[in-house]
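Student: model_7.cif is the file, holding mmCIF, C-alpha atoms:
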data_target
#
loop_
_atom_site.group_PDB
_atom_site.id
_atom_site.type_symbol
_atom_site.label_atom_id
_atom_site.label_comp_id
_atom_site.auth_asym_id
_atom_site.auth_seq_id
_atom_site.Cartn_x
_atom_site.Cartn_y
_atom_site.Cartn_z
ATOM 1 C CA ASP A 1 150.111 110.559 150.462
ATOM 2 C CA ALA A 2 151.161 107.928 147.918
ATOM 3 C CA LYS A 3 148.915 104.912 147.451
ATOM 4 C CA THR A 4 150.082 101.413 148.215
ATOM 5 C CA THR A 5 149.179 98.044 146.768
ATOM 6 C CA GLN A 6 149.265 94.863 148.808
ATOM 7 C CA PRO A 7 148.043 91.325 148.157
ATOM 8 C CA PRO A 8 144.734 90.741 149.936
ATOM 9 C CA SER A 9 145.878 87.601 151.713
ATOM 10 C CA MET A 10 148.855 85.361 152.379
ATOM 11 C CA ASP A 11 149.502 82.154 154.259
ATOM 12 C CA CYS A 12 152.593 81.157 156.177
ATOM 13 C CA ALA A 13 153.603 78.104 158.164
ATOM 14 C CA GLU A 14 154.372 78.583 161.824
ATOM 15 C CA GLY A 15 158.084 79.023 162.425
ATOM 16 C CA ARG A 16 158.811 80.051 158.860
ATOM 17 C CA ALA A 17 159.567 83.545 157.630
ATOM 18 C CA ALA A 18 156.636 85.610 156.408
ATOM 19 C CA ASN A 19 157.459 88.030 153.586
ATOM 20 C CA LEU A 20 154.774 90.626 152.956
ATOM 21 C CA PRO A 21 155.201 92.749 149.823
ATOM 22 C CA CYS A 22 154.007 96.290 149.217
ATOM 23 C CA ASN A 23 154.140 98.383 146.064
ATOM 24 C CA HIS A 24 154.347 102.157 146.357
ATOM 25 C CA SER A 25 155.473 103.231 142.921
ATOM 26 C CA THR A 26 154.371 106.863 143.340
ATOM 27 C CA ILE A 27 156.230 107.446 146.579
ATOM 28 C CA SER A 28 157.984 110.788 146.782
ATOM 29 C CA GLY A 29 161.512 111.366 147.972
ATOM 30 C CA ASN A 30 160.650 112.388 151.512
ATOM 31 C CA GLU A 31 157.825 109.952 152.211
ATOM 32 C CA TYR A 32 158.435 107.180 154.689
ATOM 33 C CA VAL A 33 157.178 103.600 154.508
ATOM 34 C CA TYR A 34 155.308 102.523 157.621
ATOM 35 C CA TRP A 35 153.925 99.142 158.575
ATOM 36 C CA TYR A 36 151.145 98.526 161.079
ATOM 37 C CA ARG A 37 149.204 95.402 161.863
ATOM 38 C CA GLN A 38 145.753 94.837 163.287
ATOM 39 C CA ILE A 39 144.837 91.702 165.108
ATOM 40 C CA HIS A 40 141.138 90.932 164.952
ATOM 41 C CA SER A 41 138.999 93.351 166.994
ATOM 42 C CA GLN A 42 141.999 95.297 168.289
ATOM 43 C CA GLY A 43 143.543 98.651 167.442
ATOM 44 C CA PRO A 44 146.433 98.830 164.973
ATOM 45 C CA GLN A 45 149.931 98.188 166.273
ATOM 46 C CA TYR A 46 153.023 99.921 164.924
ATOM 47 C CA ILE A 47 155.638 97.541 163.543
ATOM 48 C CA ILE A 48 158.402 99.408 161.773
ATOM 49 C CA HIS A 49 159.152 102.259 159.390
ATOM 50 C CA GLY A 50 161.927 103.356 157.063
ATOM 51 C CA LEU A 51 162.934 105.880 154.418
ATOM 52 C CA LYS A 52 165.706 104.407 152.263
ATOM 53 C CA ASN A 53 167.763 101.990 154.281
ATOM 54 C CA ASN A 54 166.676 98.585 155.440
ATOM 55 C CA GLU A 55 165.505 98.555 159.025
ATOM 56 C CA THR A 56 165.265 95.886 161.699
ATOM 57 C CA ASN A 57 163.743 95.844 165.144
ATOM 58 C CA GLU A 58 162.599 93.214 167.602
ATOM 59 C CA MET A 59 159.420 92.553 165.630
ATOM 60 C CA ALA A 60 160.422 92.584 161.985
ATOM 61 C CA SER A 61 162.722 93.672 159.196
ATOM 62 C CA LEU A 62 161.861 96.128 156.454
ATOM 63 C CA ILE A 63 163.539 95.834 153.081
ATOM 64 C CA ILE A 64 163.091 98.821 150.751
ATOM 65 C CA THR A 65 164.180 98.540 147.135
ATOM 66 C CA GLU A 66 166.786 100.932 145.858
ATOM 67 C CA ASP A 67 164.254 102.835 143.729
ATOM 68 C CA ARG A 68 161.916 102.886 146.762
ATOM 69 C CA LYS A 69 158.980 101.768 144.633
ATOM 70 C CA SER A 70 158.365 98.683 146.732
ATOM 71 C CA SER A 71 159.176 97.166 150.076
ATOM 72 C CA THR A 72 158.909 93.885 151.956
ATOM 73 C CA LEU A 73 158.090 93.337 155.587
ATOM 74 C CA ILE A 74 159.740 90.231 156.965
ATOM 75 C CA LEU A 75 158.613 88.411 160.082
ATOM 76 C CA PRO A 76 161.571 86.051 160.551
ATOM 77 C CA HIS A 77 159.829 83.314 162.557
ATOM 78 C CA ALA A 78 156.075 83.664 162.280
ATOM 79 C CA THR A 79 153.906 82.472 165.164
ATOM 80 C CA LEU A 80 150.165 81.914 165.373
ATOM 81 C CA ARG A 81 149.900 85.248 167.189
ATOM 82 C CA ASP A 82 151.190 87.014 164.090
ATOM 83 C CA THR A 83 147.928 86.258 162.282
ATOM 84 C CA ALA A 84 146.607 89.741 161.505
ATOM 85 C CA VAL A 85 145.936 92.277 158.779
ATOM 86 C CA TYR A 86 149.163 94.054 157.859
ATOM 87 C CA TYR A 87 148.986 97.595 156.517
ATOM 88 C CA CYS A 88 151.681 99.277 154.465
ATOM 89 C CA ILE A 89 151.352 103.070 154.543
ATOM 90 C CA VAL A 90 153.486 105.793 153.043
ATOM 91 C CA ARG A 91 153.461 109.208 154.619
ATOM 92 C CA PHE A 92 155.414 112.354 155.117
ATOM 93 C CA LEU A 93 157.235 112.729 158.381
ATOM 94 C CA SER A 94 156.045 116.230 159.163
ATOM 95 C CA GLY A 95 157.729 118.473 161.640
ATOM 96 C CA GLY A 96 154.598 118.577 163.734
ATOM 97 C CA SER A 97 152.155 115.990 164.968
ATOM 98 C CA ASN A 98 149.189 116.911 162.804
ATOM 99 C CA TYR A 99 149.250 114.347 160.030
ATOM 100 C CA LYS A 100 146.993 111.646 158.727
ATOM 101 C CA LEU A 101 147.413 107.942 158.157
ATOM 102 C CA THR A 102 145.526 106.559 155.182
ATOM 103 C CA PHE A 103 144.842 102.861 155.606
ATOM 104 C CA GLY A 104 144.344 100.667 152.558
ATOM 105 C CA LYS A 105 142.892 97.188 152.678
ATOM 106 C CA GLY A 106 146.115 95.570 153.833
ATOM 107 C CA THR A 107 147.164 91.932 153.675
ATOM 108 C CA LEU A 108 145.530 89.314 155.852
ATOM 109 C CA LEU A 109 148.372 87.087 156.967
ATOM 110 C CA THR A 110 147.268 83.719 158.287
ATOM 111 C CA VAL A 111 149.904 81.714 160.118
ATOM 112 C CA ASN A 112 149.074 78.028 160.043
ATOM 113 C CA PRO A 113 150.243 75.429 162.588
ATOM 114 C CA GLY B 1 155.317 103.600 177.111
ATOM 115 C CA ALA B 2 152.919 105.308 174.680
ATOM 116 C CA VAL B 3 149.779 103.548 175.872
ATOM 117 C CA VAL B 4 146.357 104.680 174.710
ATOM 118 C CA SER B 5 143.184 103.480 176.363
ATOM 119 C CA GLN B 6 139.552 103.648 175.318
ATOM 120 C CA HIS B 7 136.428 103.371 177.392
ATOM 121 C CA PRO B 8 134.151 101.582 177.097
ATOM 122 C CA SER B 9 135.475 98.645 175.117
ATOM 123 C CA ARG B 10 131.956 97.602 174.169
ATOM 124 C CA VAL B 11 128.657 99.415 174.333
ATOM 125 C CA ILE B 12 125.144 98.549 173.261
ATOM 126 C CA CYS B 13 122.605 101.338 173.044
ATOM 127 C CA LYS B 14 119.122 101.875 171.760
ATOM 128 C CA SER B 15 118.408 103.778 168.599
ATOM 129 C CA GLY B 16 118.021 107.499 169.251
ATOM 130 C CA THR B 17 120.254 107.650 172.300
ATOM 131 C CA SER B 18 123.725 109.188 172.544
ATOM 132 C CA VAL B 19 126.926 107.394 173.405
ATOM 133 C CA LYS B 20 130.217 108.857 174.630
ATOM 134 C CA ILE B 21 133.550 107.161 173.997
ATOM 135 C CA GLU B 22 136.688 108.265 175.832
ATOM 136 C CA CYS B 23 140.238 108.108 174.528
ATOM 137 C CA ARG B 24 143.118 108.649 176.931
ATOM 138 C CA SER B 25 146.868 108.779 176.508
ATOM 139 C CA LEU B 26 148.071 107.181 179.722
ATOM 140 C CA ASP B 27 151.765 107.992 179.862
ATOM 141 C CA PHE B 28 152.259 110.881 177.475
ATOM 142 C CA GLN B 29 150.683 114.129 176.423
ATOM 143 C CA ALA B 30 149.119 114.177 172.986
ATOM 144 C CA THR B 31 148.432 117.455 171.279
ATOM 145 C CA THR B 32 146.637 115.650 168.486
ATOM 146 C CA MET B 33 144.230 112.744 168.623
ATOM 147 C CA PHE B 34 142.497 110.996 165.759
ATOM 148 C CA TRP B 35 139.210 109.143 165.516
ATOM 149 C CA TYR B 36 138.698 106.292 163.077
ATOM 150 C CA ARG B 37 135.739 104.099 162.240
ATOM 151 C CA GLN B 38 135.953 100.567 160.945
ATOM 152 C CA PHE B 39 133.028 98.597 159.539
ATOM 153 C CA PRO B 40 133.194 94.787 159.381
ATOM 154 C CA LYS B 41 135.732 93.476 156.883
ATOM 155 C CA GLN B 42 136.765 96.990 155.941
ATOM 156 C CA SER B 43 139.763 99.150 156.667
ATOM 157 C CA LEU B 44 140.035 102.025 159.107
ATOM 158 C CA MET B 45 138.545 105.276 157.895
ATOM 159 C CA LEU B 46 139.644 108.533 159.475
ATOM 160 C CA MET B 47 136.697 110.488 160.827
ATOM 161 C CA ALA B 48 138.323 113.520 162.397
ATOM 162 C CA THR B 49 141.484 115.065 163.742
ATOM 163 C CA SER B 50 141.292 116.595 167.173
ATOM 164 C CA ASN B 51 143.704 119.157 168.566
ATOM 165 C CA GLU B 52 143.729 120.077 172.233
ATOM 166 C CA GLY B 53 141.804 123.229 172.917
ATOM 167 C CA SER B 54 140.487 123.731 169.404
ATOM 168 C CA LYS B 55 137.699 122.472 167.198
ATOM 169 C CA ALA B 56 138.102 119.135 165.498
ATOM 170 C CA THR B 57 138.690 118.867 161.771
ATOM 171 C CA TYR B 58 136.283 116.422 160.176
ATOM 172 C CA GLU B 59 136.878 114.358 157.055
ATOM 173 C CA GLN B 60 134.586 114.790 154.109
ATOM 174 C CA GLY B 61 131.280 113.041 154.610
ATOM 175 C CA VAL B 62 131.490 112.888 158.407
ATOM 176 C CA GLU B 63 128.707 114.852 160.100
ATOM 177 C CA LYS B 64 130.219 117.073 162.771
ATOM 178 C CA ASP B 65 126.869 117.583 164.495
ATOM 179 C CA LYS B 66 126.372 113.856 164.804
ATOM 180 C CA PHE B 67 129.881 112.945 165.909
ATOM 181 C CA LEU B 68 130.829 115.462 168.574
ATOM 182 C CA ILE B 69 134.487 115.549 169.497
ATOM 183 C CA ASN B 70 135.895 117.253 172.557
ATOM 184 C CA HIS B 71 139.619 117.440 173.257
ATOM 185 C CA ALA B 72 139.686 119.258 176.572
ATOM 186 C CA SER B 73 143.110 118.187 177.780
ATOM 187 C CA LEU B 74 146.383 116.818 176.485
ATOM 188 C CA THR B 75 145.446 113.326 177.626
ATOM 189 C CA LEU B 76 141.728 113.048 176.898
ATOM 190 C CA SER B 77 139.529 113.239 173.829
ATOM 191 C CA THR B 78 135.910 112.167 173.695
ATOM 192 C CA LEU B 79 133.687 111.161 170.795
ATOM 193 C CA THR B 80 129.943 111.411 171.296
ATOM 194 C CA VAL B 81 127.698 109.685 168.803
ATOM 195 C CA THR B 82 124.454 111.615 169.030
ATOM 196 C CA SER B 83 121.058 110.133 168.177
ATOM 197 C CA ALA B 84 122.682 106.853 167.267
ATOM 198 C CA HIS B 85 121.110 104.630 164.648
ATOM 199 C CA PRO B 86 121.841 101.013 163.692
ATOM 200 C CA GLU B 87 123.976 102.173 160.766
ATOM 201 C CA ASP B 88 126.323 103.813 163.290
ATOM 202 C CA SER B 89 127.180 100.378 164.652
ATOM 203 C CA SER B 90 130.892 100.052 164.093
ATOM 204 C CA PHE B 91 134.315 99.689 165.671
ATOM 205 C CA TYR B 92 135.581 103.109 166.750
ATOM 206 C CA ILE B 93 139.324 103.505 167.249
ATOM 207 C CA CYS B 94 141.249 106.491 168.496
ATOM 208 C CA SER B 95 144.922 107.283 168.221
ATOM 209 C CA ALA B 96 147.138 109.814 169.911
ATOM 210 C CA SER B 97 150.223 111.324 168.402
ATOM 211 C CA VAL B 98 153.512 112.284 169.981
ATOM 212 C CA GLU B 99 156.760 113.087 168.217
ATOM 213 C CA ASP B 100 155.234 112.368 164.787
ATOM 214 C CA GLU B 101 154.093 108.878 165.747
ATOM 215 C CA GLN B 102 150.556 107.643 166.245
ATOM 216 C CA TYR B 103 149.640 105.179 168.960
ATOM 217 C CA PHE B 104 146.309 103.464 168.753
ATOM 218 C CA GLY B 105 143.751 102.585 171.380
ATOM 219 C CA PRO B 106 142.181 99.131 171.604
ATOM 220 C CA GLY B 107 138.924 100.260 170.031
ATOM 221 C CA THR B 108 135.283 100.492 171.111
ATOM 222 C CA ARG B 109 132.657 98.212 169.630
ATOM 223 C CA LEU B 110 129.371 100.132 169.324
ATOM 224 C CA THR B 111 126.163 98.258 168.639
ATOM 225 C CA VAL B 112 122.973 100.252 168.154
ATOM 226 C CA THR B 113 119.774 98.234 168.457
#
Can the structure from this file be put into structure tokens for me?

Tutor:
Amino acid sequence: DAKTTQPPSMDCAEGRAANLPCNHSTISGNEYVYWYRQIHSQGPQYIIHGLKNNETNEMASLIITEDRKSSTLILPHATLRDTAVYYCIVRFLSGGSNYKLTFGKGTLLTVNP
Amino acid sequence: GAVVSQHPSRVICKSGTSVKIECRSLDFQATTMFWYRQFPKQSLMLMATSNEGSKATYEQGVEKDKFLINHASLTLSTLTVTSAHPEDSSFYICSASVEDEQYFGPGTRLTVT
């Protein structure tokens, strides 16, 4: 799977949008971009994923550049409960269920009151 | 839907004893489950991939005789840390996959004294 690069930490004011960048310059054509987050001492939580098009769900939006070499996760109105480590992962969407997720160091997002 | 539980959530054991951690998919059947380990301030590291009814596949550097994995049913996988030592103290997280997605458990904090 392609490697990703994320800033180690970011701060955001409560109520403002949090924009978390991720570089994945070696991504291949059929690899997806996935985002998970991990609140302290909990298991990771799925946020969103995409291939080429921008995606939006109830938690966040995912903006993928046209060349697919980078992406941005957007939390439109960050709350204190969004403080967590955010992981950007690229992976193949295999036909079966036997695949691996390779976690990098992620970005620690701290939402400040 | 797609809830994964782990038991226990915390365990303290003495050096040399064995500890069993259970991972259950509560509302779906998972043919594949994964076990991760996370040391303080580090990312998740995949230990092994477990398929129902077959032997687990261990990642390089993970001792299969020390970390015994049993995946006896489509909803239950167990990880047994045998002859635990203080260096095995860690946060152990399982995930279960269905339809190409992984859903994570809440984790088990193991402390070996």

Student: Which residue out of A:Asn53, A:Ser41, A:Asn30, A:Thr110 has the minimum interatomic distance to chain B when only C-alpha atoms are used?

Tutor: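 Of A:Asn53, A:Ser41, A:Asn30, A:Thr110, the one nearest chain B, counting only C-alpha atoms, is A:Ser41.
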
Student: Which residue, B:Ala72, B:Val98, B:Cys13, B:Cys23, has the smallest gap to chain A when you use only C-alpha atoms?

Tutor: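 Checking each candidate against chain A, we get B:Val98 as the closest.
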
Student: May I have the residues of chain A within 12 Å of chain B, counting only C-alpha atoms, written as a short mmCIF file (atom, residue, chain, number, x, y, z; two decimals) with C-alpha atoms, in the frame of the given file?

Tutor:
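Output (selection27.cif):
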data_model
loop_
_atom_site.label_atom_id
_atom_site.label_comp_id
_atom_site.auth_asym_id
_atom_site.auth_seq_id
_atom_site.Cartn_x
_atom_site.Cartn_y
_atom_site.Cartn_z
CA PRO A 8 144.73 90.74 149.94
CA TYR A 32 158.44 107.18 154.69
CA TYR A 34 155.31 102.52 157.62
CA TRP A 35 153.93 99.14 158.57
CA TYR A 36 151.15 98.53 161.08
CA ARG A 37 149.20 95.40 161.86
CA GLN A 38 145.75 94.84 163.29
CA ILE A 39 144.84 91.70 165.11
CA HIS A 40 141.14 90.93 164.95
CA SER A 41 139.00 93.35 166.99
CA GLN A 42 142.00 95.30 168.29
CA GLY A 43 143.54 98.65 167.44
CA PRO A 44 146.43 98.83 164.97
CA GLN A 45 149.93 98.19 166.27
CA TYR A 46 153.02 99.92 164.92
CA ILE A 47 155.64 97.54 163.54
CA ILE A 48 158.40 99.41 161.77
CA HIS A 49 159.15 102.26 159.39
CA VAL A 85 145.94 92.28 158.78
CA TYR A 86 149.16 94.05 157.86
CA TYR A 87 148.99 97.60 156.52
CA ARG A 91 153.46 109.21 154.62
CA PHE A 92 155.41 112.35 155.12
CA LEU A 93 157.24 112.73 158.38
CA SER A 94 156.04 116.23 159.16
CA GLY A 95 157.73 118.47 161.64
CA GLY A 96 154.60 118.58 163.73
CA SER A 97 152.16 115.99 164.97
CA ASN A 98 149.19 116.91 162.80
CA TYR A 99 149.25 114.35 160.03
CA LYS A 100 146.99 111.65 158.73
CA LEU A 101 147.41 107.94 158.16
CA THR A 102 145.53 106.56 155.18
CA PHE A 103 144.84 102.86 155.61
CA GLY A 104 144.34 100.67 152.56
CA LYS A 105 142.89 97.19 152.68
CA GLY A 106 146.12 95.57 153.83
CA THR A 107 147.16 91.93 153.68
CA LEU A 108 145.53 89.31 155.85
#

Student: Which residues, written as a ChimeraX atom specification, have at least one atom at most 8 Å from Thr4 (chain A), with all atoms listed in the file counted and residues fewer than 5 positions away on the same chain left out?

Tutor: /A:22-25,88-90,104

Student: Rank B:Leu110, B:Leu76, B:Ile12, B:Val3 by their smallest atom-to-atom distance to Leu26 (chain B), using only C-alpha atoms, and report the top residue only.

Tutor: B:Val3

Student: Enter the distance from CA of Met10 (chain A) to CA of Val111 (chain A), in Å, rounded to one decimal.

Tutor: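 Taking CA of Met10 (chain A) and CA of Val111 (chain A), their separation equals 8.6 Å.
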
Student: If you apply the PyMOL selection byres ((chain B and resi 113) around 10) to this file, what residues do you get, as a ChimeraX atom specification?

Tutor: /B:12-16,84-87,89,110-112

Student: Please, what distance in Å, to one decimal, runs between CA of Ser9 (chain B) and CA of Glu22 (chain B)?

Tutor: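 We find that CA of Ser9 (chain B) and CA of Glu22 (chain B) lie 9.7 Å from each other.
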
Student: How far is it from CA of Asn19 (chain A) to CA of Phe39 (chain B), in Å with one decimal?

Tutor: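 Spanning CA of Asn19 (chain A) to CA of Phe39 (chain B) is a straight-line distance of 27.3 Å.
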
Student: Of the residues B:Gln60, B:Gln6, B:Thr17, B:Ser25, which is the one nearest to Leu79 (chain B), using all atoms listed in the file?

Tutor: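 Ranked by minimum distance to Leu79 (chain B), first place goes to B:Gln6.
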
Student: Need the shell around region 63-67 of chain A: protein/DNA/RNA residues with any atom at most 6 Å away, counting all atoms listed in the file. Skip same-chain ones fewer than 4 positions apart. Format as a PyMOL selection string?

Tutor: chain A and resi 54+71-72

Student: Run the PyMOL selection byres ((chain B and resi 19) around 7) mentally over the shown coordinates, then write out the matched residues as a PyMOL selection string, using the chain letters and numbers from the document.

Tutor: chain B and resi 17-18+20-21+80-82

Student: So for region 52-63 of chain A, what box centre and size do we get, axis-aligned, 5 Å extra on each of the six sides, every listed atom, Å to one decimal, as AutoDock Vina command-line options?

Tutor:
--center_x 163.6 --center_y 98.5 --center_z 159.9 --size_x 18.3 --size_y 21.9 --size_z 25.3

Student: Find, counting all atoms listed in the file, the residue in B:Thr75, B:Asp65, B:Ala56, B:Met47 that gets nearest to Arg24 (chain B).

Tutor: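 Of all the options, B:Thr75 lies closest to Arg24 (chain B).
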
Student: Going by the chain IDs and residue numbers used in this file, which residues fall under the PyMOL selection byres ((chain A and resi 57) around 12)? Write them as a PyMOL selection string.

Tutor: chain A and resi 46-50+54-56+58-62+73-76
